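Data from structure_35.cif: mmCIF, C-alpha atoms; chains and numbers go by the auth columns
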```cif
data_data
#
loop_
_atom_site.group_PDB
_atom_site.id
_atom_site.type_symbol
_atom_site.label_atom_id
_atom_site.label_comp_id
_atom_site.label_asym_id
_atom_site.label_seq_id
_atom_site.Cartn_x
_atom_site.Cartn_y
_atom_site.Cartn_z
_atom_site.B_iso_or_equiv
_atom_site.auth_seq_id
_atom_site.auth_asym_id
ATOM 1 C CA MET A 1 211.364 159.331 113.557 0.00 28 A
ATOM 2 C CA SER A 2 214.624 159.333 115.448 0.00 29 A
ATOM 3 C CA GLY A 3 215.586 158.015 118.870 0.00 30 A
ATOM 4 C CA ALA A 4 212.604 157.373 121.122 0.00 31 A
ATOM 5 C CA GLU A 5 210.471 160.156 119.672 0.00 32 A
ATOM 6 C CA HIS A 6 206.756 160.248 120.436 0.00 33 A
ATOM 7 C CA VAL A 7 204.579 161.618 117.630 0.00 34 A
ATOM 8 C CA ALA A 8 200.905 162.430 118.228 0.00 35 A
ATOM 9 C CA VAL A 9 198.497 162.286 115.294 0.00 36 A
ATOM 10 C CA VAL A 10 195.382 164.424 115.693 0.00 37 A
ATOM 11 C CA GLY A 11 192.467 165.552 113.559 0.00 38 A
ATOM 12 C CA SER A 12 188.704 165.521 113.417 0.00 39 A
ATOM 13 C CA SER A 13 186.698 162.363 112.756 0.00 40 A
ATOM 14 C CA GLY A 14 187.391 161.064 109.254 0.00 41 A
ATOM 15 C CA ALA A 15 190.737 162.820 108.949 0.00 42 A
ATOM 16 C CA GLY A 16 192.554 159.541 108.271 0.00 43 A
ATOM 17 C CA LYS A 17 194.210 158.909 111.646 0.00 44 A
ATOM 18 C CA THR A 18 193.251 155.240 111.995 0.00 45 A
ATOM 19 C CA THR A 19 194.034 154.587 108.322 0.00 46 A
ATOM 20 C CA LEU A 20 197.526 155.983 108.827 0.00 47 A
ATOM 21 C CA ALA A 21 198.024 153.866 111.962 0.00 48 A
ATOM 22 C CA SER A 22 196.881 150.730 110.107 0.00 49 A
ATOM 23 C CA LEU A 23 199.247 151.413 107.214 0.00 50 A
ATOM 24 C CA ILE A 24 202.257 151.906 109.473 0.00 51 A
ATOM 25 C CA ALA A 25 201.375 148.776 111.472 0.00 52 A
ATOM 26 C CA GLY A 26 201.139 146.753 108.253 0.00 53 A
ATOM 27 C CA VAL A 27 197.462 145.918 108.778 0.00 54 A
ATOM 28 C CA HIS A 28 196.675 147.437 105.375 0.00 55 A
ATOM 29 C CA GLN A 29 198.815 148.061 102.312 0.00 56 A
ATOM 30 C CA PRO A 30 198.784 151.408 100.463 0.00 57 A
ATOM 31 C CA ASP A 31 196.938 151.518 97.145 0.00 58 A
ATOM 32 C CA SER A 32 199.799 153.544 95.695 0.00 59 A
ATOM 33 C CA GLY A 33 203.127 154.969 96.746 0.00 60 A
ATOM 34 C CA VAL A 34 205.660 153.507 99.163 0.00 61 A
ATOM 35 C CA LEU A 35 205.559 153.337 102.951 0.00 62 A
ATOM 36 C CA GLU A 36 208.915 152.587 104.623 0.00 63 A
ATOM 37 C CA VAL A 37 208.974 151.668 108.294 0.00 64 A
ATOM 38 C CA GLY A 38 212.426 150.075 108.434 0.00 65 A
ATOM 39 C CA SER A 39 213.331 146.891 110.260 0.00 66 A
ATOM 40 C CA GLU A 40 211.708 147.836 113.558 0.00 67 A
ATOM 41 C CA ARG A 41 209.406 145.467 115.380 0.00 68 A
ATOM 42 C CA VAL A 42 206.043 147.240 115.369 0.00 69 A
ATOM 43 C CA ALA A 43 203.157 146.721 117.792 0.00 70 A
ATOM 44 C CA LEU A 44 199.650 148.173 117.419 0.00 71 A
ATOM 45 C CA VAL A 45 197.257 148.728 120.338 0.00 72 A
ATOM 46 C CA THR A 46 193.754 149.967 119.497 0.00 73 A
ATOM 47 C CA GLN A 47 190.689 150.818 121.564 0.00 74 A
ATOM 48 C CA GLU A 48 189.245 147.406 120.655 0.00 75 A
ATOM 49 C CA VAL A 49 191.295 144.906 122.649 0.00 76 A
ATOM 50 C CA HIS A 50 190.714 141.193 123.148 0.00 77 A
ATOM 51 C CA VAL A 51 190.901 139.340 126.446 0.00 78 A
ATOM 52 C CA PHE A 52 191.949 135.776 125.670 0.00 79 A
ATOM 53 C CA SER A 53 190.183 132.906 127.425 0.00 80 A
ATOM 54 C CA GLY A 54 192.314 131.217 130.060 0.00 81 A
ATOM 55 C CA THR A 55 194.178 132.466 133.075 0.00 82 A
ATOM 56 C CA LEU A 56 195.434 136.011 133.373 0.00 83 A
ATOM 57 C CA ALA A 57 198.973 134.638 133.139 0.00 84 A
ATOM 58 C CA ASP A 58 198.089 132.833 129.891 0.00 85 A
ATOM 59 C CA ASP A 59 196.709 136.083 128.484 0.00 86 A
ATOM 60 C CA LEU A 60 199.910 137.956 129.266 0.00 87 A
ATOM 61 C CA ARG A 61 202.160 135.186 127.990 0.00 88 A
ATOM 62 C CA MET A 62 200.609 135.551 124.540 0.00 89 A
ATOM 63 C CA ALA A 63 203.215 138.323 124.192 0.00 90 A
ATOM 64 C CA ALA A 64 206.096 136.553 125.967 0.00 91 A
ATOM 65 C CA PRO A 65 205.635 132.787 126.324 0.00 92 A
ATOM 66 C CA GLU A 66 208.748 132.303 128.450 0.00 93 A
ATOM 67 C CA ALA A 67 208.042 135.119 130.929 0.00 94 A
ATOM 68 C CA GLY A 68 207.980 134.153 134.594 0.00 95 A
ATOM 69 C CA ASP A 69 205.500 135.428 137.143 0.00 96 A
ATOM 70 C CA ASP A 70 207.886 138.163 138.309 0.00 97 A
ATOM 71 C CA ALA A 71 208.121 139.516 134.749 0.00 98 A
ATOM 72 C CA LEU A 72 204.331 139.426 134.418 0.00 99 A
ATOM 73 C CA TYR A 73 203.863 141.369 137.641 0.00 100 A
ATOM 74 C CA ALA A 74 206.562 143.853 136.553 0.00 101 A
ATOM 75 C CA ALA A 75 204.669 144.478 133.298 0.00 102 A
ATOM 76 C CA LEU A 76 201.402 144.940 135.193 0.00 103 A
ATOM 77 C CA ASP A 77 203.116 147.286 137.634 0.00 104 A
ATOM 78 C CA ALA A 78 204.493 149.332 134.728 0.00 105 A
ATOM 79 C CA VAL A 79 200.962 150.053 133.486 0.00 106 A
ATOM 80 C CA HIS A 80 199.496 150.528 136.998 0.00 107 A
ATOM 81 C CA ALA A 81 197.414 147.339 136.861 0.00 108 A
ATOM 82 C CA ASP A 82 199.175 145.331 139.573 0.00 109 A
ATOM 83 C CA GLU A 83 196.955 146.595 142.405 0.00 110 A
ATOM 84 C CA TRP A 84 193.672 145.177 141.087 0.00 111 A
ATOM 85 C CA VAL A 85 195.387 142.034 139.833 0.00 112 A
ATOM 86 C CA ARG A 86 196.778 141.260 143.287 0.00 113 A
ATOM 87 C CA MET A 87 193.252 141.620 144.689 0.00 114 A
ATOM 88 C CA LEU A 88 191.904 138.879 142.420 0.00 115 A
ATOM 89 C CA PRO A 89 191.012 135.642 144.236 0.00 116 A
ATOM 90 C CA ASP A 90 193.608 133.611 142.343 0.00 117 A
ATOM 91 C CA GLY A 91 195.976 136.370 141.227 0.00 118 A
ATOM 92 C CA LEU A 92 197.639 135.558 137.918 0.00 119 A
ATOM 93 C CA GLN A 93 195.809 132.226 137.841 0.00 120 A
ATOM 94 C CA THR A 94 192.380 133.891 137.778 0.00 121 A
ATOM 95 C CA ALA A 95 190.347 132.775 134.764 0.00 122 A
ATOM 96 C CA VAL A 96 189.462 135.614 132.392 0.00 123 A
ATOM 97 C CA GLY A 97 187.886 135.917 128.980 0.00 124 A
ATOM 98 C CA ALA A 98 184.626 134.424 127.722 0.00 125 A
ATOM 99 C CA GLU A 99 184.395 131.760 130.442 0.00 126 A
ATOM 100 C CA GLY A 100 186.121 133.617 133.242 0.00 127 A
ATOM 101 C CA ARG A 101 186.078 136.887 135.131 0.00 128 A
ATOM 102 C CA GLU A 102 184.705 139.805 133.130 0.00 129 A
ATOM 103 C CA LEU A 103 187.156 142.701 133.039 0.00 130 A
ATOM 104 C CA THR A 104 186.245 146.354 132.779 0.00 131 A
ATOM 105 C CA PRO A 105 187.243 148.226 129.591 0.00 132 A
ATOM 106 C CA MET A 106 190.055 149.915 131.538 0.00 133 A
ATOM 107 C CA GLN A 107 191.370 146.608 132.883 0.00 134 A
ATOM 108 C CA ALA A 108 191.282 145.045 129.420 0.00 135 A
ATOM 109 C CA GLN A 109 193.267 147.965 128.021 0.00 136 A
ATOM 110 C CA GLN A 110 195.770 147.694 130.861 0.00 137 A
ATOM 111 C CA LEU A 111 196.287 144.034 129.952 0.00 138 A
ATOM 112 C CA ALA A 112 196.910 145.066 126.343 0.00 139 A
ATOM 113 C CA LEU A 113 199.477 147.610 127.534 0.00 140 A
ATOM 114 C CA ALA A 114 201.110 145.013 129.802 0.00 141 A
ATOM 115 C CA ARG A 115 201.393 142.640 126.823 0.00 142 A
ATOM 116 C CA LEU A 116 203.016 145.513 124.976 0.00 143 A
ATOM 117 C CA VAL A 117 205.643 145.878 127.726 0.00 144 A
ATOM 118 C CA LEU A 118 206.327 142.141 127.602 0.00 145 A
ATOM 119 C CA MET A 119 206.571 142.156 123.797 0.00 146 A
ATOM 120 C CA ASP A 120 209.161 144.965 123.963 0.00 147 A
ATOM 121 C CA PRO A 121 208.746 146.315 120.392 0.00 148 A
ATOM 122 C CA ASP A 122 210.849 149.076 118.845 0.00 149 A
ATOM 123 C CA LEU A 123 207.883 151.091 117.564 0.00 150 A
ATOM 124 C CA VAL A 124 204.480 151.304 119.222 0.00 151 A
ATOM 125 C CA ILE A 125 201.298 152.590 117.595 0.00 152 A
ATOM 126 C CA LEU A 126 198.492 153.509 119.976 0.00 153 A
ATOM 127 C CA ASP A 127 195.244 154.088 118.077 0.00 154 A
ATOM 128 C CA GLU A 128 192.941 155.901 120.523 0.00 155 A
ATOM 129 C CA ALA A 129 193.821 153.252 123.098 0.00 156 A
ATOM 130 C CA THR A 130 192.369 155.235 126.021 0.00 157 A
ATOM 131 C CA ALA A 131 189.127 156.274 124.338 0.00 158 A
ATOM 132 C CA GLU A 132 186.748 153.708 125.841 0.00 159 A
ATOM 133 C CA ALA A 133 187.644 153.936 129.530 0.00 160 A
ATOM 134 C CA GLY A 134 185.730 157.075 130.539 0.00 161 A
ATOM 135 C CA SER A 135 187.378 160.203 131.917 0.00 162 A
ATOM 136 C CA THR A 136 188.685 158.713 135.166 0.00 163 A
ATOM 137 C CA GLY A 137 189.814 155.503 133.507 0.00 164 A
ATOM 138 C CA ALA A 138 191.387 157.403 130.613 0.00 165 A
ATOM 139 C CA ASP A 139 193.570 159.369 133.020 0.00 166 A
ATOM 140 C CA ALA A 140 194.828 156.115 134.543 0.00 167 A
ATOM 141 C CA LEU A 141 195.338 154.562 131.111 0.00 168 A
ATOM 142 C CA GLU A 142 197.264 157.597 129.889 0.00 169 A
ATOM 143 C CA ARG A 143 199.664 157.198 132.805 0.00 170 A
ATOM 144 C CA GLY A 144 199.987 153.496 132.042 0.00 171 A
ATOM 145 C CA ALA A 145 200.531 154.154 128.339 0.00 172 A
ATOM 146 C CA GLU A 146 203.146 156.795 129.082 0.00 173 A
ATOM 147 C CA SER A 147 205.012 154.287 131.232 0.00 174 A
ATOM 148 C CA ALA A 148 204.712 151.525 128.626 0.00 175 A
ATOM 149 C CA LEU A 149 206.061 153.853 125.904 0.00 176 A
ATOM 150 C CA ARG A 150 209.077 155.026 127.897 0.00 177 A
ATOM 151 C CA GLY A 151 212.244 154.391 125.907 0.00 178 A
ATOM 152 C CA ARG A 152 210.346 153.387 122.742 0.00 179 A
ATOM 153 C CA SER A 153 209.445 155.246 119.575 0.00 180 A
ATOM 154 C CA ALA A 154 205.707 155.782 119.402 0.00 181 A
ATOM 155 C CA ILE A 155 202.939 157.087 117.181 0.00 182 A
ATOM 156 C CA VAL A 156 199.896 158.020 119.241 0.00 183 A
ATOM 157 C CA VAL A 157 196.545 158.608 117.593 0.00 184 A
ATOM 158 C CA ALA A 158 195.331 161.024 120.239 0.00 185 A
ATOM 159 C CA HIS A 159 191.697 160.881 121.326 0.00 186 A
ATOM 160 C CA ARG A 160 192.514 163.241 124.181 0.00 187 A
ATOM 161 C CA LEU A 161 194.669 166.224 123.287 0.00 188 A
ATOM 162 C CA SER A 162 196.436 165.978 126.640 0.00 189 A
ATOM 163 C CA GLN A 163 198.354 163.139 124.949 0.00 190 A
ATOM 164 C CA ALA A 164 199.317 165.445 122.099 0.00 191 A
ATOM 165 C CA ALA A 165 200.479 168.116 124.524 0.00 192 A
ATOM 166 C CA ARG A 166 203.011 165.669 126.004 0.00 193 A
ATOM 167 C CA ALA A 167 204.286 164.376 122.653 0.00 194 A
ATOM 168 C CA ASP A 168 207.592 165.443 121.129 0.00 195 A
ATOM 169 C CA ARG A 169 205.859 166.296 117.867 0.00 196 A
ATOM 170 C CA VAL A 170 202.262 166.725 116.724 0.00 197 A
ATOM 171 C CA VAL A 171 200.988 165.943 113.230 0.00 198 A
ATOM 172 C CA VAL A 172 197.577 167.322 112.243 0.00 199 A
ATOM 173 C CA LEU A 173 195.648 165.419 109.570 0.00 200 A
ATOM 174 C CA ASP A 174 192.732 166.665 107.508 0.00 201 A
ATOM 175 C CA HIS A 175 191.128 164.457 104.838 0.00 202 A
ATOM 176 C CA GLY A 176 194.216 162.247 104.719 0.00 203 A
ATOM 177 C CA ARG A 177 196.740 165.057 104.368 0.00 204 A
ATOM 178 C CA ILE A 178 199.166 166.593 106.841 0.00 205 A
ATOM 179 C CA VAL A 179 198.127 170.218 107.299 0.00 206 A
ATOM 180 C CA GLU A 180 200.273 171.125 110.319 0.00 207 A
ATOM 181 C CA GLU A 181 203.298 169.748 112.121 0.00 208 A
ATOM 182 C CA GLY A 182 205.270 170.942 115.133 0.00 209 A
ATOM 183 C CA THR A 183 205.367 170.846 118.910 0.00 210 A
ATOM 184 C CA HIS A 184 202.228 171.492 120.940 0.00 211 A
ATOM 185 C CA GLU A 185 203.496 174.936 121.944 0.00 212 A
ATOM 186 C CA GLU A 186 204.421 175.888 118.381 0.00 213 A
ATOM 187 C CA LEU A 187 201.064 174.862 116.982 0.00 214 A
ATOM 188 C CA VAL A 188 199.075 176.641 119.694 0.00 215 A
ATOM 189 C CA ARG A 189 201.025 179.860 119.011 0.00 216 A
ATOM 190 C CA ARG A 190 200.477 179.447 115.278 0.00 217 A
ATOM 191 C CA GLY A 191 196.729 179.762 115.742 0.00 218 A
ATOM 192 C CA GLY A 192 195.786 177.285 113.024 0.00 219 A
ATOM 193 C CA ARG A 193 193.802 174.055 112.941 0.00 220 A
ATOM 194 C CA TYR A 194 195.522 172.501 115.954 0.00 221 A
ATOM 195 C CA ALA A 195 194.962 175.631 118.030 0.00 222 A
ATOM 196 C CA GLU A 196 191.250 175.411 117.196 0.00 223 A
ATOM 197 C CA LEU A 197 191.118 171.751 118.230 0.00 224 A
ATOM 198 C CA TRP A 198 192.999 172.487 121.460 0.00 225 A
ATOM 199 C CA GLU A 199 190.734 175.406 122.383 0.00 226 A
ATOM 200 C CA ALA A 200 187.603 173.320 121.811 0.00 227 A
ATOM 201 C CA TRP A 201 188.979 170.335 123.748 0.00 228 A
ATOM 202 C CA ALA A 202 190.168 172.468 126.684 0.00 229 A
ATOM 203 C CA ARG A 203 186.765 174.134 126.886 0.00 230 A
ATOM 204 C CA TYR A 204 184.704 170.941 127.132 0.00 231 A
ATOM 205 C CA ARG A 205 187.015 168.372 128.730 0.00 232 A
#
```
Let me see whether you can do it: turn the structure in this file into structure tokens.
Amino acid sequence: MSGAEHVAVVGSSGAGKTTLASLIAGVHQPDSGVLEVGSERVALVTQEVHVFSGTLADDLRMAAPEAGDDALYAALDAVHADEWVRMLPDGLQTAVGAEGRELTPMQAQQLALARLVLMDPDLVILDEATAEAGSTGADALERGAESALRGRSAIVVAHRLSQAARADRVVVLDHGRIVEEGTHEELVRRGGRYAELWEAWARYR
């Protein structure tokens, strides 16, 4: 990857997308071969996010302990979460997590994306990070994710192919192997596996 390129990884269930994301993030080590990521700071956001117990500010400062309130609100604004946060009874001091206010799946994912903005990594891996929010919530999360990824290199395991259509490059996996690679437009014209996935997704979305 070069510059701030965004690469979407797509494929049917079991194709190896999450395994690839975990390997690049360093969560798992390859059984054989060599995986080189370089010296970049890598952050992984999955569809299973954790809301830490404490205040909302405490949750956000897990990524940036020295961040002031203005920086926290800027991160929330970047992922389109500031509106509901400002409506909370105690704002950033609202208790969340196991003993506090229960957040919706979309709100929890927005917090994860806001922590990502505060962490400011070089490479971001999003592993189906909008999959659990429902169609309306996923649209909002996609906009938030797009904002959070601006200016950063990213690998996006795409649950919704609209994410792949906006990526600089698309990689299609099948049983752990790359079977196609190119831009969205190139792969649709090629009429191969990606074109089949796109046609099916566009028909039923």
Convert the output of the PyMOL selection byres ((chain A and resi 100) around 12) on the shown file into explicit residues, formatted as a PyMOL selection string.
-> chain A and resi 83-84+87-88+94-99+101-113+118-119+138+141-142+144-145
Result set, the PyMOL selection byres ((chain A and resi 77) around 9) on current file, as a VMD selection string | chain A and resid 75 to 76 78 to 79 124 135 to 136 139
Give as a ChimeraX atom specification every residue, naming chains and numbers as the document does, that has an atom within 8 Å of (206.3, 137.6, 121.1), counting only C-alpha atoms.
-> /A:89-92,145-146
Can you tell me, as a list in words, what residues are no more than 12 Å from Thr210 in chain A when counting all atoms listed in the file, ignoring any on the same chain fewer than 4 positions away?
-> Glu32, His33, Val34, Ala35, Val36, Ala191, Ala192, Arg193, Ala194, Asp195, Arg196, Val197, Val198, Val199, Leu214, Val215, Arg216, Arg217, Tyr221 and Ala222 of chain A
Residues matched by the PyMOL selection byres ((chain A and resi 43-46) around 7), written as a ChimeraX atom specification | /A:36-37,41-42,47-50,154,184,200,202-203
Quote the spacing between CA of Gln74 in chain A and CA of Gln120 in chain A in Å to one decimal place.
->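 Computing the Euclidean distance for CA of Gln74 in chain A and CA of Gln120 in chain A yields 25.2 Å.
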For CA of Arg187 in chain A and CA of Leu130 in chain A, determine how far apart the two atoms are, in Å to one decimal place.
->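 Between CA of Arg187 in chain A and CA of Leu130 in chain A the gap works out to 23.0 Å.
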8 Å contact set for range 223-225 of chain A, only C-alpha atoms, chain neighbours under 5 positions out, as a PyMOL selection string | chain A and resi 38+188+215+218
State, in Å with one decimal place, the distance from CA of Tyr231 in chain A to CA of Leu140 in chain A.
-> 27.6 Å
